[in-house]
file coords36.cif (mmCIF, C-alpha atoms)
data_coords
#
loop_
_atom_site.group_PDB
_atom_site.id
_atom_site.type_symbol
_atom_site.label_atom_id
_atom_site.label_comp_id
_atom_site.auth_asym_id
_atom_site.auth_seq_id
_atom_site.Cartn_x
_atom_site.Cartn_y
_atom_site.Cartn_z
ATOM 1 C CA MET A 1 76.655 178.150 143.462
ATOM 2 C CA SER A 2 80.336 179.043 143.545
ATOM 3 C CA LEU A 3 81.256 175.514 142.449
ATOM 4 C CA ILE A 4 78.889 175.727 139.460
ATOM 5 C CA PHE A 5 80.414 179.010 138.241
ATOM 6 C CA GLN A 6 83.918 177.653 138.719
ATOM 7 C CA SER A 7 83.005 174.480 136.780
ATOM 8 C CA ILE A 8 81.576 176.529 133.907
ATOM 9 C CA ALA A 9 84.782 178.600 133.804
ATOM 10 C CA ILE A 10 86.867 175.411 133.655
ATOM 11 C CA VAL A 11 84.738 173.993 130.832
ATOM 12 C CA ILE A 12 85.154 177.251 128.906
ATOM 13 C CA GLY A 13 88.924 177.011 129.456
ATOM 14 C CA ILE A 14 88.987 173.440 128.119
ATOM 15 C CA TYR A 15 86.930 174.498 125.112
ATOM 16 C CA SER A 16 89.378 177.360 124.450
ATOM 17 C CA LEU A 17 92.229 174.853 124.567
ATOM 18 C CA LEU A 18 90.411 172.674 122.008
ATOM 19 C CA ILE A 19 90.070 175.712 119.747
ATOM 20 C CA PHE A 20 93.820 176.376 119.989
ATOM 21 C CA ILE A 21 94.518 172.725 119.121
ATOM 22 C CA SER A 22 92.109 172.958 116.189
ATOM 23 C CA ILE A 23 93.861 176.091 114.906
ATOM 24 C CA ILE A 24 97.261 174.434 115.144
ATOM 25 C CA PHE A 25 95.924 171.352 113.318
ATOM 26 C CA SER A 26 94.610 173.621 110.551
ATOM 27 C CA TRP A 27 98.129 174.965 109.976
ATOM 28 C CA PHE A 28 99.392 171.436 109.340
ATOM 29 C CA ARG A 29 96.365 170.103 107.471
ATOM 30 C CA GLY A 30 98.443 167.954 105.122
ATOM 31 C CA PHE A 31 100.389 166.317 107.944
ATOM 32 C CA VAL A 32 97.817 165.847 110.711
ATOM 33 C CA SER A 33 94.597 163.941 110.196
ATOM 34 C CA GLY A 34 92.553 161.146 111.696
ATOM 35 C CA ALA A 35 89.786 160.622 114.221
ATOM 36 C CA PRO A 36 91.099 162.984 116.953
ATOM 37 C CA VAL A 37 91.359 165.865 114.469
ATOM 38 C CA THR A 38 87.874 165.161 113.112
ATOM 39 C CA ILE A 39 86.376 165.027 116.617
ATOM 40 C CA ILE A 40 88.047 168.287 117.692
ATOM 41 C CA ASN A 41 86.912 170.005 114.481
ATOM 42 C CA LYS A 42 83.315 168.820 114.968
ATOM 43 C CA ILE A 43 83.371 170.285 118.466
ATOM 44 C CA THR A 44 85.005 173.629 117.614
ATOM 45 C CA ASP A 45 83.930 174.399 114.040
ATOM 46 C CA PRO A 46 80.287 175.374 114.781
ATOM 47 C CA TYR A 47 81.423 178.037 117.256
ATOM 48 C CA LEU A 48 84.245 179.330 115.047
ATOM 49 C CA ASN A 49 82.099 179.291 111.904
ATOM 50 C CA TRP A 50 79.484 181.460 113.624
ATOM 51 C CA TRP A 51 82.139 184.132 114.305
ATOM 52 C CA ARG A 52 83.575 183.795 110.783
ATOM 53 C CA ARG A 53 80.135 184.213 109.241
ATOM 54 C CA TYR A 54 79.131 187.304 111.188
ATOM 55 C CA LEU A 55 82.472 189.116 111.537
ATOM 56 C CA ASN A 56 84.372 188.093 108.396
ATOM 57 C CA LEU A 57 87.695 189.531 109.556
ATOM 58 C CA ARG A 58 89.877 187.763 106.992
ATOM 59 C CA VAL A 59 93.054 189.557 105.889
ATOM 60 C CA GLY A 60 94.912 187.573 103.252
ATOM 61 C CA VAL A 61 95.196 184.026 104.545
ATOM 62 C CA ILE A 62 94.684 185.010 108.194
ATOM 63 C CA ASP A 63 91.242 184.935 109.815
ATOM 64 C CA PHE A 64 91.131 187.386 112.737
ATOM 65 C CA SER A 65 87.521 186.516 113.641
ATOM 66 C CA VAL A 66 88.942 183.451 115.410
ATOM 67 C CA ILE A 67 90.900 185.787 117.702
ATOM 68 C CA VAL A 68 87.709 187.642 118.593
ATOM 69 C CA ALA A 69 85.993 184.297 119.266
ATOM 70 C CA ILE A 70 88.789 183.272 121.630
ATOM 71 C CA MET A 71 88.723 186.693 123.319
ATOM 72 C CA PHE A 72 85.006 186.281 123.959
ATOM 73 C CA LEU A 73 85.626 182.896 125.609
ATOM 74 C CA TYR A 74 88.435 184.409 127.681
ATOM 75 C CA LEU A 75 86.103 187.176 128.814
ATOM 76 C CA LEU A 76 83.351 184.694 129.706
ATOM 77 C CA GLN A 77 85.795 182.492 131.595
ATOM 78 C CA ASN A 78 87.021 185.423 133.693
ATOM 79 C CA ILE A 79 83.479 186.554 134.449
ATOM 80 C CA PHE A 80 82.507 183.074 135.640
ATOM 81 C CA PHE A 81 85.632 182.891 137.818
ATOM 82 C CA MET A 82 84.632 186.244 139.302
ATOM 83 C CA LEU A 83 81.098 184.986 139.912
ATOM 84 C CA ALA A 84 82.616 182.045 141.806
ATOM 85 C CA ILE A 85 84.186 184.553 144.231
ATOM 86 C CA PRO A 86 81.402 187.078 144.927
ATOM 87 C CA GLU A 87 83.711 189.474 146.816
ATOM 88 C CA SER A 88 85.671 190.131 143.620
ATOM 89 C CA LEU A 89 82.556 190.951 141.628
ATOM 90 C CA THR A 90 82.662 194.709 141.360
ATOM 91 C CA LEU A 91 81.875 196.960 138.427
ATOM 92 C CA GLY A 92 85.513 198.070 138.308
ATOM 93 C CA ASN A 93 86.812 194.490 138.118
ATOM 94 C CA VAL A 94 84.345 193.529 135.381
ATOM 95 C CA LEU A 95 85.265 196.628 133.356
ATOM 96 C CA ASN A 96 88.978 195.917 133.902
ATOM 97 C CA ILE A 97 88.556 192.373 132.592
ATOM 98 C CA LEU A 98 86.720 193.736 129.564
ATOM 99 C CA LEU A 99 89.400 196.393 129.018
ATOM 100 C CA TYR A 100 92.290 193.922 129.269
ATOM 101 C CA SER A 101 90.487 191.420 127.033
ATOM 102 C CA ILE A 102 89.994 194.011 124.317
ATOM 103 C CA TRP A 103 93.561 195.267 124.704
ATOM 104 C CA SER A 104 94.997 191.739 124.520
ATOM 105 C CA VAL A 105 93.255 191.176 121.173
ATOM 106 C CA ILE A 106 94.379 194.559 119.834
ATOM 107 C CA GLN A 107 97.904 193.947 121.104
ATOM 108 C CA PHE A 108 98.032 190.495 119.480
ATOM 109 C CA ILE A 109 96.861 191.884 116.138
ATOM 110 C CA VAL A 110 99.332 194.803 116.284
ATOM 111 C CA ILE A 111 102.258 192.517 117.197
ATOM 112 C CA PHE A 112 101.262 190.082 114.449
ATOM 113 C CA CYS A 113 101.109 192.917 111.894
ATOM 114 C CA LEU A 114 104.427 194.269 113.154
ATOM 115 C CA ILE A 115 106.130 190.893 112.714
ATOM 116 C CA VAL A 116 104.696 190.500 109.212
ATOM 117 C CA ILE A 117 105.760 194.025 108.183
ATOM 118 C CA ILE A 118 109.253 193.499 109.634
ATOM 119 C CA LEU A 119 109.571 190.200 107.736
ATOM 120 C CA ARG A 120 108.446 191.966 104.571
ATOM 121 C CA ALA A 121 110.970 194.761 105.188
ATOM 122 C CA ILE A 122 113.751 192.200 105.662
ATOM 123 C CA ALA A 123 112.805 190.559 102.365
ATOM 124 C CA PHE A 124 112.689 193.958 100.652
ATOM 125 C CA PHE A 125 116.044 195.177 101.965
ATOM 126 C CA THR A 126 117.890 191.878 101.409
ATOM 127 C CA ASN A 127 116.352 191.151 97.980
ATOM 128 C CA ARG A 128 115.075 187.723 99.033
ATOM 129 C CA ASN A 129 113.319 185.397 96.630
ATOM 130 C CA ILE A 130 109.819 186.743 97.103
ATOM 131 C CA TYR A 131 108.346 184.021 94.890
ATOM 132 C CA SER A 132 108.890 181.239 97.410
ATOM 133 C CA PRO A 133 105.706 180.008 99.184
ATOM 134 C CA PHE A 134 106.748 181.562 102.511
ATOM 135 C CA TRP A 135 107.206 185.041 101.038
ATOM 136 C CA ARG A 136 103.964 184.758 99.057
ATOM 137 C CA ILE A 137 102.116 184.141 102.331
ATOM 138 C CA ILE A 138 103.898 187.116 103.930
ATOM 139 C CA ASP A 139 102.975 189.253 100.903
ATOM 140 C CA SER A 140 99.336 188.174 101.009
ATOM 141 C CA ILE A 141 99.163 189.292 104.647
ATOM 142 C CA SER A 142 101.351 192.394 104.437
ATOM 143 C CA GLY A 143 99.866 193.732 101.188
ATOM 144 C CA PRO A 144 96.486 194.832 102.606
ATOM 145 C CA ILE A 145 98.136 196.155 105.773
ATOM 146 C CA LEU A 146 100.703 198.216 103.867
ATOM 147 C CA TYR A 147 98.030 199.494 101.485
ATOM 148 C CA ARG A 148 95.946 200.808 104.377
ATOM 149 C CA PHE A 149 98.968 202.417 106.056
ATOM 150 C CA ASN A 150 100.041 204.029 102.770
ATOM 151 C CA ARG A 151 96.529 205.448 102.368
ATOM 152 C CA LEU A 152 96.698 206.746 105.939
ATOM 153 C CA PHE A 153 100.120 208.395 105.505
ATOM 154 C CA PHE A 154 100.022 209.524 101.898
ATOM 155 C CA GLY A 155 96.312 209.849 101.104
ATOM 156 C CA LYS A 156 95.274 209.100 97.541
ATOM 157 C CA ARG A 157 98.802 209.261 96.208
ATOM 158 C CA ILE A 158 100.672 206.119 97.150
ATOM 159 C CA GLY A 159 104.075 206.824 98.668
ATOM 160 C CA ASN A 160 107.405 205.139 98.351
ATOM 161 C CA TYR A 161 107.263 201.438 99.316
ATOM 162 C CA MET A 162 110.277 201.704 101.630
ATOM 163 C CA GLN A 163 108.796 204.758 103.360
ATOM 164 C CA GLY A 164 105.540 202.866 103.792
ATOM 165 C CA LEU A 165 107.363 199.951 105.426
ATOM 166 C CA ILE A 166 109.274 202.169 107.827
ATOM 167 C CA LEU A 167 106.291 204.353 108.735
ATOM 168 C CA SER A 168 104.120 201.258 109.256
ATOM 169 C CA VAL A 169 106.641 199.767 111.685
ATOM 170 C CA LEU A 170 106.935 203.069 113.564
ATOM 171 C CA LEU A 171 103.159 203.488 113.762
ATOM 172 C CA LEU A 172 102.637 199.940 115.053
ATOM 173 C CA ILE A 173 105.325 200.427 117.714
ATOM 174 C CA ALA A 174 103.697 203.729 118.720
ATOM 175 C CA VAL A 175 100.306 201.987 119.008
ATOM 176 C CA LEU A 176 101.827 199.330 121.293
ATOM 177 C CA ILE A 177 103.559 201.820 123.573
ATOM 178 C CA GLY A 178 100.697 204.328 123.616
ATOM 179 C CA GLY A 179 98.088 201.599 124.048
ATOM 180 C CA ARG A 180 99.848 200.125 127.080
ATOM 181 C CA PHE A 181 100.073 203.550 128.654
ATOM 182 C CA ILE A 182 96.382 204.327 128.035
ATOM 183 C CA VAL A 183 95.244 200.887 129.268
ATOM 184 C CA ARG A 184 97.199 201.294 132.518
ATOM 185 C CA ILE A 185 95.646 204.703 133.144
ATOM 186 C CA LEU A 186 92.147 203.426 132.383
ATOM 187 C CA ALA A 187 92.649 200.307 134.528
ATOM 188 C CA GLY A 188 93.693 202.478 137.479
ATOM 189 C CA PHE A 189 90.624 204.633 137.001
ATOM 190 C CA LEU A 190 88.288 201.625 136.670
ATOM 191 C CA SER A 191 89.706 199.955 139.784
ATOM 192 C CA GLY A 192 88.263 202.811 141.827
ATOM 193 C CA LEU A 193 84.704 202.041 140.695
#
call {"tool": "encode", "arguments": {"input": "coords36.cif", "output": "structure tokens"}}
result
Amino acid sequence: MSLIFQSIAIVIGIYSLLIFISIIFSWFRGFVSGAPVTIINKITDPYLNWWRRYLNLRVGVIDFSVIVAIMFLYLLQNIFFMLAIPESLTLGNVLNILLYSIWSVIQFIVIFCLIVIILRAIAFFTNRNIYSPFWRIIDSISGPILYRFNRLFFGKRIGNYMQGLILSVLLLIAVLIGGRFIVRILAGFLSGL
């Protein structure tokens, strides 16, 4: 039975790798094509499309539902690895895996938003050509994020753009530091279960 659970976990890991390859291919759609790309897309698209359809977590040009789909596979893979070693299957370990899986997704999204906001701040402070394709992509991602942070900080009246950039960066850094601290405390508590 242990071998079956371990094999399932390995298959899930391979499938996750195919999803990563598919995502990378999608970034270079104009440059990468052919039979291998088509085969990988036929294998991964049904799973990813299901998550896109039911979560619809698109912000600008970025689709965060794919991150949730990968997190779910990561969680499943860890559970099957735990099932392969029955001694490690405790409620505390399962809850810790769930906690760290959720935190890794949140952390990825926060770091991604932080990088985008910092890039936007650099463009703002250095008066870069914001009409180039790169900066338009950054704007399409950072615009909704900054709007939500401005609403959070300033309510219905929209604040100064520079203040919004700085406060957004500070808030995202605070979420990273505070989140790590809270996750460590919760993980220690859950390990005792």
call {"tool": "closest_atom_pairs", "arguments": {"input": "coords36.cif", "of": "stretch 91-135 of chain A", "to": "stretch 171-175 of chain A", "cutoff": "8 Å", "atoms": "only C-alpha atoms", "output": "tab-separated table"}}
result
residue	atom	partner	partner_atom	distance
A:Val110	CA	A:Leu172	CA	6.2
A:Ile111	CA	A:Leu172	CA	7.7
A:Cys113	CA	A:Leu172	CA	7.9
A:Leu114	CA	A:Leu172	CA	6.2
call {"tool": "residues_around", "arguments": {"input": "coords36.cif", "residues": "A:Leu167", "least_positions_apart": "3", "cutoff": "10 Å", "atoms": "all atoms listed in the file", "output": "list of chain:residue names"}}
result
A:Leu146, A:Phe149, A:Asn150, A:Phe153, A:Tyr161, A:Met162, A:Gln163, A:Gly164, A:Leu170, A:Leu171, A:Leu172, A:Ile173
call {"tool": "residues_around", "arguments": {"input": "coords36.cif", "residues": "stretch 20-26 of chain A", "least_positions_apart": "3", "cutoff": "12 Å", "atoms": "all atoms listed in the file", "output": "NGL selection string"}}
result
:A and (13-17 or 29-34 or 36-45 or 47-48 or 62-64 or 66-67 or 69-71 or 73)
call {"tool": "residues_around", "arguments": {"input": "coords36.cif", "residues": "A:Gly179", "least_positions_apart": "6", "cutoff": "10 Å", "atoms": "all atoms listed in the file", "output": "VMD selection string"}}
result
chain A and resid 103 106 to 107 173 185
call {"tool": "atom_distance", "arguments": {"input": "coords36.cif", "atom1": "atom CA of A:Ala9", "atom2": "atom CA of A:Gln77"}}
result
4.6 Å
call {"tool": "closest_residue", "arguments": {"input": "coords36.cif", "among": "A:Leu89, A:Leu165, A:Arg184, A:Gly155", "to": "A:Ile122", "atoms": "only C-alpha atoms"}}
result
A:Leu165
call {"tool": "atom_distance", "arguments": {"input": "coords36.cif", "atom1": "atom CA of A:Ser2", "atom2": "atom CA of A:Ala187"}}
result
26.2 Å
call {"tool": "residues_around", "arguments": {"input": "coords36.cif", "residues": "A:Met82", "least_positions_apart": "4", "cutoff": "9 Å", "atoms": "all atoms listed in the file", "output": "number ranges by chain"}}
result
A: 5-6, 77-78, 86-90, 93-94
call {"tool": "closest_residue", "arguments": {"input": "coords36.cif", "among": "A:Ile182, A:Val11, A:Leu152, A:Leu119", "to": "A:Phe80", "atoms": "all atoms listed in the file"}}
result
A:Val11
call {"tool": "closest_residue", "arguments": {"input": "coords36.cif", "among": "A:Ala84, A:Ile10, A:Leu76, A:Ile166", "to": "A:Phe125", "atoms": "all atoms listed in the file"}}
result
A:Ile166
call {"tool": "closest_residue", "arguments": {"input": "coords36.cif", "among": "A:Arg52, A:Gly92, A:Phe81, A:Trp135", "to": "A:Leu190", "atoms": "only C-alpha atoms"}}
result
A:Gly92
call {"tool": "atom_distance", "arguments": {"input": "coords36.cif", "atom1": "atom CA of A:Phe189", "atom2": "atom CA of A:Val105"}}
result
20.9 Å
call {"tool": "residues_around", "arguments": {"input": "coords36.cif", "residues": "A:Val116", "least_positions_apart": "5", "cutoff": "9 Å", "atoms": "all atoms listed in the file", "output": "list in words"}}
result
Ile111, Ala121, Ile138, Asp139, Ile141 and Ser142 of chain A
call {"tool": "closest_residue", "arguments": {"input": "coords36.cif", "among": "A:Ser168, A:Val68, A:Pro144, A:Phe181", "to": "A:Ile109", "atoms": "only C-alpha atoms"}}
result
A:Val68
call {"tool": "axis_aligned_box", "arguments": {"input": "coords36.cif", "around": "stretch 171-183 of chain A", "padding_each_side": "4 Å", "output": "AutoDock Vina command-line options"}}
result
--center_x 100.3 --center_y 201.8 --center_z 121.5 --size_x 18.1 --size_y 13.0 --size_z 23.5
call {"tool": "closest_residue", "arguments": {"input": "coords36.cif", "among": "A:Ala123, A:Ile117, A:Ile137, A:Met1", "to": "A:Val169", "atoms": "all atoms listed in the file"}}
result
A:Ile117
